[in-house]
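K.L.:
This is the content of my_file.cif (mmCIF, C-alpha atoms (C1' of nucleotides)):
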```
data_query
#
loop_
_atom_site.label_atom_id
_atom_site.label_comp_id
_atom_site.auth_asym_id
_atom_site.auth_seq_id
_atom_site.Cartn_x
_atom_site.Cartn_y
_atom_site.Cartn_z
CA MET A 218 -16.01 -45.12 18.45
CA LYS A 219 -19.74 -44.87 17.89
CA ARG A 220 -21.29 -42.11 15.85
CA PRO A 221 -23.29 -40.36 18.58
CA GLY A 222 -20.82 -38.23 20.47
CA ALA A 223 -18.05 -38.96 17.99
CA LEU A 224 -17.57 -35.33 17.10
CA ARG A 225 -17.34 -34.36 20.75
CA GLU A 226 -14.89 -37.19 21.31
CA VAL A 227 -12.59 -35.98 18.53
CA TYR A 228 -12.75 -32.44 19.93
CA ASP A 229 -11.86 -33.60 23.42
CA ARG A 230 -8.89 -35.57 22.14
CA LEU A 231 -7.64 -32.70 20.01
CA LEU A 232 -7.92 -30.33 22.95
CA ALA A 233 -6.15 -32.75 25.26
CA ARG A 234 -3.37 -33.26 22.72
CA PHE A 235 -2.74 -29.68 21.62
CA GLY A 236 -4.38 -27.44 24.21
CA PRO A 237 -6.40 -24.29 23.43
CA GLN A 238 -5.30 -22.57 20.19
CA ARG A 239 -6.92 -19.21 21.00
CA TRP A 240 -7.75 -18.18 17.44
CA TRP A 241 -8.01 -15.77 15.67
CA PRO A 242 -4.65 -14.06 16.28
CA ALA A 243 -5.40 -10.37 15.58
CA GLU A 244 -5.62 -7.01 17.32
CA THR A 245 -8.92 -5.91 15.80
CA ARG A 246 -11.95 -7.53 14.23
CA PHE A 247 -11.23 -5.91 10.90
CA GLU A 248 -7.76 -7.46 11.06
CA VAL A 249 -9.49 -10.84 11.36
CA MET A 250 -11.43 -10.11 8.17
CA VAL A 251 -8.30 -9.08 6.30
CA GLY A 252 -6.46 -12.17 7.54
CA ALA A 253 -9.35 -14.39 6.42
CA VAL A 254 -8.87 -13.15 2.85
CA LEU A 255 -5.07 -13.22 2.92
CA THR A 256 -4.89 -16.79 4.25
CA GLN A 257 -6.77 -18.25 1.29
CA ALA A 258 -4.62 -21.17 0.08
CA THR A 259 -1.69 -19.60 1.88
CA ALA A 260 0.52 -20.58 4.80
CA TRP A 261 -0.17 -18.40 7.84
CA GLY A 262 3.46 -17.34 8.17
CA ASN A 263 3.22 -15.52 4.86
CA VAL A 264 -0.02 -13.87 5.96
CA GLU A 265 1.67 -12.50 9.09
CA LYS A 266 4.30 -10.79 6.95
CA ALA A 267 1.62 -9.16 4.82
CA ILE A 268 -0.37 -8.05 7.89
CA ALA A 269 2.77 -6.50 9.39
CA ARG A 270 3.41 -4.56 6.19
CA LEU A 271 -0.17 -3.28 6.14
CA LYS A 272 0.16 -2.18 9.76
CA SER A 273 3.41 -0.30 9.29
CA ALA A 274 1.88 1.44 6.28
CA GLY A 275 -1.09 2.48 8.42
CA ALA A 276 -3.38 0.63 6.00
CA LEU A 277 -4.98 -1.96 8.25
CA SER A 278 -8.40 -0.29 8.35
CA PRO A 279 -11.30 -0.07 5.89
CA GLU A 280 -10.52 3.57 5.18
CA GLY A 281 -6.79 2.84 4.86
CA ILE A 282 -7.42 0.11 2.30
CA ARG A 283 -9.87 2.25 0.33
CA ARG A 284 -7.40 5.13 0.20
CA LEU A 285 -4.49 3.12 -1.25
CA PRO A 286 -4.17 2.61 -5.01
CA VAL A 287 -4.71 -1.07 -5.77
CA ASP A 288 -1.15 -1.55 -7.01
CA GLU A 289 0.30 -0.14 -3.79
CA LEU A 290 -2.00 -2.41 -1.81
CA ALA A 291 -0.77 -5.33 -3.89
CA HIS A 292 2.81 -4.40 -3.05
CA LEU A 293 2.01 -4.39 0.68
CA VAL A 294 0.38 -7.84 0.65
CA TYR A 295 3.03 -9.28 -1.68
CA PRO A 296 4.43 -11.84 0.83
CA SER A 297 1.09 -13.62 1.11
CA GLY A 298 1.05 -14.57 -2.57
CA TYR A 299 -1.69 -13.99 -5.18
CA TYR A 300 -1.01 -10.36 -4.37
CA ASN A 301 -2.87 -8.79 -7.31
CA ALA A 302 -5.94 -10.95 -6.73
CA LYS A 303 -5.90 -10.37 -2.97
CA ALA A 304 -5.50 -6.60 -3.34
CA ARG A 305 -8.72 -6.56 -5.38
CA LYS A 306 -10.46 -8.71 -2.77
CA LEU A 307 -9.41 -6.43 0.09
CA LYS A 308 -10.68 -3.43 -1.87
CA ALA A 309 -14.06 -5.14 -2.25
CA LEU A 310 -14.16 -6.01 1.46
CA ALA A 311 -13.29 -2.47 2.56
CA ALA A 312 -15.88 -1.00 0.20
CA TYR A 313 -18.52 -3.33 1.64
CA VAL A 314 -17.97 -2.52 5.31
CA GLY A 315 -17.98 1.16 4.45
CA GLU A 316 -21.10 1.18 2.30
CA ALA A 317 -23.14 -1.28 4.34
CA TYR A 318 -22.06 -0.42 7.90
CA GLY A 319 -20.17 2.88 7.82
CA ASP A 320 -17.02 0.98 8.84
CA ASP A 321 -18.66 0.07 12.16
CA ILE A 322 -17.99 -3.60 12.81
CA ASP A 323 -20.14 -3.49 15.96
CA VAL A 324 -23.17 -2.54 13.89
CA MET A 325 -22.29 -5.24 11.38
CA GLY A 326 -22.09 -7.82 14.16
CA ARG A 327 -25.64 -7.07 15.29
CA SER A 328 -27.09 -8.16 11.94
CA ASP A 329 -28.71 -11.53 11.42
CA THR A 330 -26.17 -14.30 10.83
CA LEU A 331 -27.72 -15.86 7.73
CA ALA A 332 -28.41 -12.45 6.18
CA LEU A 333 -24.80 -11.44 6.78
CA ARG A 334 -23.57 -14.66 5.25
CA GLU A 335 -25.61 -14.17 2.07
CA GLU A 336 -24.47 -10.57 1.91
CA MET A 337 -20.81 -11.48 2.21
CA LEU A 338 -21.04 -14.26 -0.37
CA GLY A 339 -21.88 -11.53 -2.85
CA ILE A 340 -18.57 -9.76 -2.24
CA HIS A 341 -15.73 -10.45 -4.68
CA GLY A 342 -13.21 -12.73 -2.98
CA ILE A 343 -15.44 -14.00 -0.18
CA GLY A 344 -16.58 -17.59 -0.51
CA GLU A 345 -18.18 -19.88 2.04
CA GLU A 346 -15.11 -20.61 4.16
CA THR A 347 -13.96 -16.99 4.29
CA ALA A 348 -17.50 -15.81 5.13
CA ASP A 349 -17.67 -18.31 7.97
CA ASP A 350 -14.19 -17.31 9.21
CA ILE A 351 -15.46 -13.75 9.47
CA LEU A 352 -18.79 -14.70 11.06
CA LEU A 353 -17.13 -16.88 13.67
CA TYR A 354 -13.83 -15.22 14.48
CA ALA A 355 -14.60 -11.55 13.82
CA LEU A 356 -18.27 -11.41 14.80
CA GLY A 357 -18.58 -14.27 17.30
CA LYS A 358 -21.41 -16.04 15.45
CA PRO A 359 -21.77 -19.80 16.13
CA VAL A 360 -21.03 -21.11 12.62
CA PHE A 361 -18.67 -23.99 11.85
CA VAL A 362 -15.82 -23.33 9.40
CA ILE A 363 -15.12 -26.10 6.90
CA ASP A 364 -11.74 -26.26 5.18
CA ALA A 365 -9.78 -28.85 3.21
CA TYR A 366 -8.29 -30.34 6.40
CA THR A 367 -11.74 -30.83 7.91
CA LYS A 368 -12.95 -32.76 4.86
CA ARG A 369 -9.79 -34.85 4.67
CA ILE A 370 -9.58 -35.74 8.35
CA PHE A 371 -13.26 -36.49 8.95
CA HIS A 372 -13.41 -38.55 5.79
CA ARG A 373 -10.47 -40.61 7.09
CA LEU A 374 -12.32 -41.03 10.36
CA GLY A 375 -15.31 -42.41 8.50
CA LEU A 376 -17.52 -39.58 9.75
CA ALA A 377 -17.92 -37.64 6.48
CA PRO A 378 -17.89 -38.27 2.73
CA GLU A 379 -14.72 -37.65 0.73
CA ARG A 380 -16.36 -34.79 -1.13
CA GLY A 381 -19.64 -32.96 -1.23
CA PRO A 382 -21.23 -29.54 -0.84
CA TYR A 383 -19.98 -27.27 1.92
CA PHE A 384 -23.26 -27.25 3.86
CA GLU A 385 -23.21 -31.03 4.26
CA TYR A 386 -19.96 -30.79 6.18
CA SER A 387 -20.97 -27.83 8.31
CA ALA A 388 -24.29 -29.55 9.10
CA LEU A 389 -22.38 -32.54 10.42
CA PHE A 390 -20.95 -30.32 13.14
CA THR A 391 -23.82 -27.93 13.81
CA ASP A 392 -26.34 -30.79 13.99
CA ASN A 393 -24.27 -32.79 16.49
CA LEU A 394 -22.69 -30.17 18.73
CA PRO A 395 -23.99 -27.34 20.93
CA HIS A 396 -23.97 -24.00 19.09
CA ASP A 397 -21.11 -22.51 21.06
CA ALA A 398 -19.03 -19.98 19.11
CA GLU A 399 -16.04 -20.31 21.42
CA MET A 400 -15.99 -24.10 21.09
CA PHE A 401 -16.54 -23.95 17.32
CA GLY A 402 -13.59 -21.58 17.07
CA GLU A 403 -11.36 -23.87 19.08
CA TYR A 404 -12.49 -26.93 17.15
CA HIS A 405 -11.67 -25.50 13.74
CA ALA A 406 -8.33 -24.18 15.00
CA LEU A 407 -7.48 -27.60 16.45
CA ILE A 408 -8.36 -29.31 13.16
CA VAL A 409 -6.03 -26.96 11.31
CA ARG A 410 -3.32 -27.58 13.91
CA LEU A 411 -3.64 -31.31 13.41
CA GLY A 412 -3.66 -30.91 9.64
CA VAL A 413 -0.64 -28.62 9.52
CA GLU A 414 1.42 -30.80 11.83
CA TYR A 415 0.49 -34.28 10.66
CA CYS A 416 -1.39 -34.42 7.37
CA LYS A 417 1.78 -33.73 5.42
CA LYS A 418 3.98 -36.06 7.46
CA THR A 419 1.58 -39.00 7.44
CA PRO A 420 -0.95 -38.34 4.67
CA ALA A 421 -2.32 -41.87 4.75
CA CYS A 422 -3.32 -41.37 8.38
CA ALA A 423 -4.36 -37.72 8.41
CA GLY A 424 -3.46 -37.49 12.06
CA CYS A 425 -6.15 -39.80 13.41
CA CYS A 426 -3.57 -42.34 14.58
CA LEU A 427 -2.10 -39.67 16.81
CA LEU A 428 -5.48 -39.25 18.47
CA ASP A 429 -5.87 -43.00 18.81
CA ILE A 430 -9.07 -42.87 16.79
CA CYS A 431 -7.70 -44.34 13.56
CA PRO A 432 -10.42 -46.33 11.75
CA ALA A 433 -7.67 -48.52 10.29
CA GLY A 434 -6.89 -49.61 13.83
CA ARG A 435 -3.40 -48.20 14.03
CA SER A 436 -2.27 -46.84 17.37
CA GLN A 437 -0.62 -43.51 18.06
CA ALA A 438 2.86 -44.90 17.37
CA VAL A 439 3.30 -42.54 14.45
CA ASP A 440 6.21 -40.56 15.90
"C1'" DG B 39 13.33 -29.54 -8.48
"C1'" DC B 40 8.61 -30.75 -6.52
"C1'" DC B 41 4.75 -30.26 -3.44
"C1'" DC B 42 1.50 -27.78 -1.02
"C1'" DA B 43 -0.32 -23.80 2.03
"C1'" DG B 44 -6.03 -21.96 7.24
"C1'" DG B 45 -9.76 -20.69 -1.22
"C1'" DG B 46 -12.16 -18.30 -4.66
"C1'" DG B 47 -13.29 -16.53 -9.37
"C1'" DG B 48 -14.17 -17.47 -14.01
"C1'" DC B 49 -14.85 -20.31 -17.69
"C1'" DT B 50 -16.47 -24.56 -20.23
"C1'" DC B 51 -19.43 -28.55 -20.88
"C1'" DG C 275 -23.40 -28.44 -11.12
"C1'" DA C 276 -19.00 -30.68 -11.77
"C1'" DG C 277 -14.45 -30.15 -13.70
"C1'" DC C 278 -10.60 -27.27 -15.01
"C1'" DC C 279 -7.27 -23.44 -14.87
"C1'" DC C 280 -5.55 -19.25 -12.86
"C1'" DC C 281 -3.81 -16.57 -9.13
"C1'" DA C 282 2.02 -16.58 -6.61
"C1'" DT C 283 5.20 -16.55 -2.45
"C1'" DG C 284 7.78 -19.36 0.76
"C1'" DG C 285 8.88 -23.45 3.52
"C1'" DG C 286 9.50 -28.55 3.74
#
```
Would you encode the structure as structure tokens?
P.N.:
Amino acid sequence: MKRPGALREVYDRLLARFGPQRWWPAETRFEVMVGAVLTQATAWGNVEKAIARLKSAGALSPEGIRRLPVDELAHLVYPSGYYNAKARKLKALAAYVGEAYGDDIDVMGRSDTLALREEMLGIHGIGEETADDILLYALGKPVFVIDAYTKRIFHRLGLAPERGPYFEYSALFTDNLPHDAEMFGEYHALIVRLGVEYCKKTPACAGCCLLDICPAGRSQAVD
DNA sequence: GCCCAGGGGGCTC
DNA sequence: GAGCCCCATGGG
């Protein structure tokens, strides 16, 4: 597999193998933002439990989160782990959307992408990946989300270094693919799908054998 | 029991 | 700016 078009090739194979993932699973855009914080270093199944608890408490809104005492918020998000830390982060997020945009996510979404990103990086609990999750999946901006799976898999494929600054990885994708938010969203979701299903089972392969693009030359006979 | 999840903050050097 | 440690539940 040659380098030009390699990223498109991987995407096509992932899509053919797994089909559209249709991320982000949520009823509202603010729910996407909350999920982006809750899923930090956390299995999605645990996040779903926390989201459900927030919903049944009527707290899945900026105003709802601001109104709750932080310890009660922590109790609600308990199943997602790091509950004290995440309660603080959700408080910071809810305060931000209220102060900066009057809780209007539509207004927020009309702001400039880079300005929004810088703004959000200043919020407690929002780092580069979470900011990009929000930009892409809540606001529809064409940014590419980089997570641990992306680094691991594309390093195995010989397309990226083993480690390095976040922007070097995101540039790999945004410099070599059309800036299509829908495709970027599918691509990241497919990478996570591959990582969740195969990185743990066959860590030495990182799933590339399954796609028949293993640089070590192994075929997809990996069960 | 051990390992790791769809990271980020805070501290040290 | 890189390297640690901390946050914490739940499934494999």
K.L.:
Find the residues around Phe371 of chain A up to 10 Å (all atoms listed in the file counted), leave out those fewer than 4 positions away in its own chain, and share them as a PyMOL selection string.
P.N.:
chain A and resi 224+227+366-367+375-379+386+408+423+425
K.L.:
Can you list, as number ranges by chain, the residues that the PyMOL selection byres ((chain B) within 12 of (chain A)) selects here?
P.N.:
B: 41-48
K.L.:
Identify all residues satisfying the PyMOL selection byres ((chain C) within 7 of (chain A)) in the given file; provide them as a list in words.
P.N.:
DC281, DA282 and DT283 of chain C
K.L.:
Which residues come within 12 Å of DG275 of chain C, counting all atoms listed in the file, excluding same-chain residues fewer than 6 positions away, as number ranges by chain?
P.N.:
A: 381-382; B: 51
K.L.:
By how many Å are atom CA of Ala388 of chain A and atom CA of Leu232 of chain A apart?
P.N.:
21.5 Å
K.L.:
For atom CA of Met325 of chain A and atom CA of Val251 of chain A, quote the distance in Å rounded to one decimal.
P.N.:
15.4 Å
K.L.:
Would you kindly translate the PyMOL selection byres ((chain C and resi 278) around 12) into the concrete residues it picks from this file, as a list in words?
P.N.:
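Applied to this file, the PyMOL selection byres ((chain C and resi 278) around 12) selects DG48, DC49, DT50 and DC51 of chain B; DA276, DG277, DC279 and DC280 of chain C.
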K.L.:
(-8.3, -31.0, 25.0) in this file's frame - what residues fall within 12 Å of it? Use all atoms listed in the file and give the answer as an MDAnalysis selection string.
P.N.:
chainID A and resid 225:238 400 403:404 407:408 428
